[in-house]
Amino acid sequence: MQQDFTYAVARIRYRENKLLGDADLNALLSAKDADSVIRLLRDKGWGDGVADGDVDGLLKHESEKVWEFIDEIVPDRSSFDFLLVPNDFHNLKVSIKAITRDLKPDDMFIRTATVEPELVYDAVSKREYNSLPEFLIEPAQEAMSVLLQTSDGQLCDIIIDRACMEYVGRLGKQNSEEIIRLYCERFVAAADIKIAVRSAHTKKRMDFILRSMAPCDTLDVERLAQAASMSFEDILKYLETTPYSDAIPAINTSMSAFEKWCDDSVTEAMKPQKWEPFTIGPVVAYLIARENEIKAVRMILSAKTSHLPDDVIKERLRAMYV
Amino acid sequence: MAEFWSNSGLFFALLGAALATLMAGIGSAIGVGRAGVAAAGVLAEEPSLFGKVLIFQLLPATQGIYGLLVGFLILSNVGLIGEPKDISVLEGMLYFASALPIAFAGLWSAIYQSKCAVAGISTVAKKPDQMGKAIILPAMVETYAILALLISILAIFGIAGMSA
């Protein structure tokens, strides 16, 4: 049965007032140092119970708080798997590398995932892959054996990243909500474009590039891989023929400018959800908005700590949902 | 059989009264329930908005009252409340027909009004000062329930006048 989001959306409408807007970000930017930024954030209700000066703790706390809120308002979190599974794949990567390098992985795990990170770690360390959820079994087996046989960390990452992209793409296609389909499609396409650009810069071979990319509806992956194996300019030429032609100036500037373009275009696409009262859309939009907000605060805090000029930070800040 | 036909006028009139009360009541129950869910969501965040969201929740309740009113008028006109009367099959069917506007318009207007009320509750949650504007929008849907009620009442009185 389809879930009813009326209650969740009503609660989110109220919380949207508490999201950071452009004016709030400007206030954070004009704060004189990281401590002042944290003080302003605390006034906005950030980091209750987190010790002063614990910047990472504050951001982690906020990220976990969002999901605690979602658990409170939505009976079944699985509707948001498309946002959480990348963290499962991250935890798989961390587990495999920690096991093969005999390291403690605890600090590197992301807690907001569909599977407990310890379960992933245990399954991989005992080679009991069947105790993992289905979408992790194959990539876990393949990545582990590749890493053990070749010690090639990059290849291991490629296997897991591709599996992640494929799975998110599949979740998007299976979903009837337009906004989720769009998000998943953008997720895969953006990853493919990033792979193409990096591969062109590092002069990777076509077969390597193809192996790294996942199929999606808005890009012809073979043509993109072929362009990437030729030159950076060929990628831009190909992208002109795709829905991502608007991203070309950003790609030309830098990878972080392209990442900003991706986030901004998703935020723009989410904006009509502000007027939708019944569907999952506003909940998804809120989650993405909170994620962007935390990303923006992280950027401001690290820039303040390393004394970067405000203009440099401003260029990288994402457009806000509210 | 003959007894059945002689009483079937009453049966049709009662069916009309039941339909008006039932369908408009179902619409209101769905509407008030749906708006209540949204109202509870807002109250979980901001209990001080209780007065405002309660008004939105009550908007789709009126159709049920209109259905009840029409049902009551039919019952009283056919003598099921008060002095018993002889009702012909034709009269019974006319009463049945007179209940249809509020039965159907009541059901659907309550459901659609609740959608509008939920959206209004969201508006108030975000901008409590916009209460006045937000309430006008679902109130517009009420117009069609009132029009249906008017026709149902005019028809009932018309039938009563015809048989007098």
# chains A, B, ... in the order shown; residues from 1 in each chain; ligands from 1

$ closest_atom_pairs --of "chain B" --to "chain A" --cutoff "9 Å" --atoms "only C-alpha atoms" --output "CSV"
residue,atom,partner,partner_atom,distance
B:Arg34,CA,A:Thr6,CA,7.7
B:Ala35,CA,A:Thr6,CA,8.6
B:Gly36,CA,A:Tyr7,CA,8.9
B:Val37,CA,A:Tyr7,CA,5.4
B:Ala38,CA,A:Tyr7,CA,4.8
B:Ala39,CA,A:Ala10,CA,7.3
B:Ala40,CA,A:Tyr7,CA,7.0
B:Gly41,CA,A:Tyr7,CA,4.8
B:Val42,CA,A:Arg11,CA,5.3
B:Leu43,CA,A:Arg11,CA,8.3
B:Ala44,CA,A:Arg11,CA,7.3
B:Glu45,CA,A:Arg11,CA,6.4
B:Glu46,CA,A:Tyr14,CA,8.0
B:Lys115,CA,A:Pro277,CA,8.1
B:Val118,CA,A:Pro277,CA,6.8
B:Ala119,CA,A:Pro277,CA,5.5
B:Ile121,CA,A:Ala10,CA,7.3
B:Ser122,CA,A:Ala10,CA,5.5
B:Thr123,CA,A:Arg13,CA,7.7
B:Val124,CA,A:Tyr14,CA,8.6
B:Ala125,CA,A:Tyr14,CA,5.0
B:Lys126,CA,A:Tyr14,CA,5.1
B:Lys127,CA,A:Tyr14,CA,8.6

$ residues_around --residues "stretch 309-322 of chain A" --least-positions-apart "2" --cutoff "7 Å" --atoms "only C-alpha atoms" --output "mmCIF file with N, CA and C atoms, in the first residue's frame"
data_model
loop_
_atom_site.group_PDB
_atom_site.id
_atom_site.type_symbol
_atom_site.label_atom_id
_atom_site.label_comp_id
_atom_site.auth_asym_id
_atom_site.auth_seq_id
_atom_site.Cartn_x
_atom_site.Cartn_y
_atom_site.Cartn_z
ATOM 1 N N LEU A 19 15.182 26.072 8.108
ATOM 2 C CA LEU A 19 16.309 25.821 7.199
ATOM 3 C C LEU A 19 17.099 27.111 6.995
ATOM 4 N N GLY A 21 18.658 29.990 5.080
ATOM 5 C CA GLY A 21 18.457 30.644 3.785
ATOM 6 C C GLY A 21 19.716 31.382 3.378
ATOM 7 N N ASP A 22 19.645 32.086 2.257
ATOM 8 C CA ASP A 22 20.821 32.826 1.775
ATOM 9 C C ASP A 22 21.277 33.873 2.800
ATOM 10 N N LEU A 29 28.928 33.658 6.857
ATOM 11 C CA LEU A 29 30.131 34.051 6.122
ATOM 12 C C LEU A 29 30.783 35.287 6.737
ATOM 13 N N ALA A 257 33.093 23.157 -9.216
ATOM 14 C CA ALA A 257 32.050 23.999 -9.830
ATOM 15 C C ALA A 257 30.974 23.118 -10.454
ATOM 16 N N LYS A 260 28.835 21.743 -7.729
ATOM 17 C CA LYS A 260 27.892 22.797 -7.302
ATOM 18 C C LYS A 260 26.741 22.896 -8.311
ATOM 19 N N ASP A 263 24.321 20.018 -7.638
ATOM 20 C CA ASP A 263 23.507 20.234 -6.428
ATOM 21 C C ASP A 263 22.479 21.339 -6.661
ATOM 22 N N ASP A 264 22.926 22.412 -7.319
ATOM 23 C CA ASP A 264 22.001 23.537 -7.566
ATOM 24 C C ASP A 264 20.866 23.134 -8.488
ATOM 25 N N THR A 267 18.435 21.139 -6.482
ATOM 26 C CA THR A 267 17.681 22.044 -5.593
ATOM 27 C C THR A 267 16.601 22.780 -6.380
ATOM 28 N N LYS A 271 12.268 22.645 -5.966
ATOM 29 C CA LYS A 271 11.502 23.791 -5.461
ATOM 30 C C LYS A 271 9.979 23.658 -5.575
ATOM 31 N N ALA A 289 17.723 19.289 1.081
ATOM 32 C CA ALA A 289 18.017 20.656 1.518
ATOM 33 C C ALA A 289 18.883 20.642 2.779
ATOM 34 N N ASN A 292 22.418 19.675 1.868
ATOM 35 C CA ASN A 292 23.118 20.817 1.265
ATOM 36 C C ASN A 292 23.510 21.843 2.320
ATOM 37 N N ALA A 296 27.142 23.121 3.192
ATOM 38 C CA ALA A 296 27.502 24.544 3.160
ATOM 39 C C ALA A 296 28.173 24.953 4.470
ATOM 40 N N ILE A 300 31.922 26.424 5.087
ATOM 41 C CA ILE A 300 32.187 27.711 5.752
ATOM 42 C C ILE A 300 33.139 27.501 6.936
ATOM 43 N N ALA A 303 36.627 26.739 5.751
ATOM 44 C CA ALA A 303 37.215 27.940 5.155
ATOM 45 C C ALA A 303 37.620 28.943 6.234
ATOM 46 N N HIS A 307 41.290 30.283 7.056
ATOM 47 C CA HIS A 307 41.341 31.719 6.719
ATOM 48 C C HIS A 307 41.242 32.010 5.226
#

$ closest_residue --among "A:Arg223, A:Lys97, A:Arg77, A:His61" --to "A:Ile110" --atoms "only C-alpha atoms"
A:His61

$ select_by_dssp --residues "stretch 52-262 of chain A" --states "helix (DSSP H, G or I)" --output "ChimeraX atom specification"
/A:55-73,77-101,106-108,117-125,129-131,134-150,153-174,178-201,206-212,221-230,232-239,245-253,255-262

$ residues_around --residues "A:Pro139" --least-positions-apart "4" --cutoff "8 Å" --atoms "only C-alpha atoms" --output "JSON, numbers by chain"
{"A": [135, 143, 159, 160, 163]}

$ write_last_selection --atoms "C-alpha atoms" --output "short mmCIF file (atom, residue, chain, number, x, y, z; two decimals), in the first residue's frame"
data_model
loop_
_atom_site.label_atom_id
_atom_site.label_comp_id
_atom_site.auth_asym_id
_atom_site.auth_seq_id
_atom_site.Cartn_x
_atom_site.Cartn_y
_atom_site.Cartn_z
CA PHE A 135 22.67 -5.35 -3.43
CA ALA A 143 35.90 -5.95 -4.65
CA ILE A 159 33.78 -1.92 -8.60
CA ILE A 160 31.98 -0.58 -5.54
CA ALA A 163 27.66 -1.05 -8.19
#

$ residues_around --residues "stretch 107-109 of chain B" --least-positions-apart "3" --cutoff "8 Å" --atoms "only C-alpha atoms" --output "ChimeraX atom specification"
/B:23-28,60,63,102-104,112-113,141-142,144-145

$ closest_residue --among "A:Leu28, A:Met230, A:Leu210, A:Ala191" --to "A:Asp43" --atoms "only C-alpha atoms"
A:Leu28
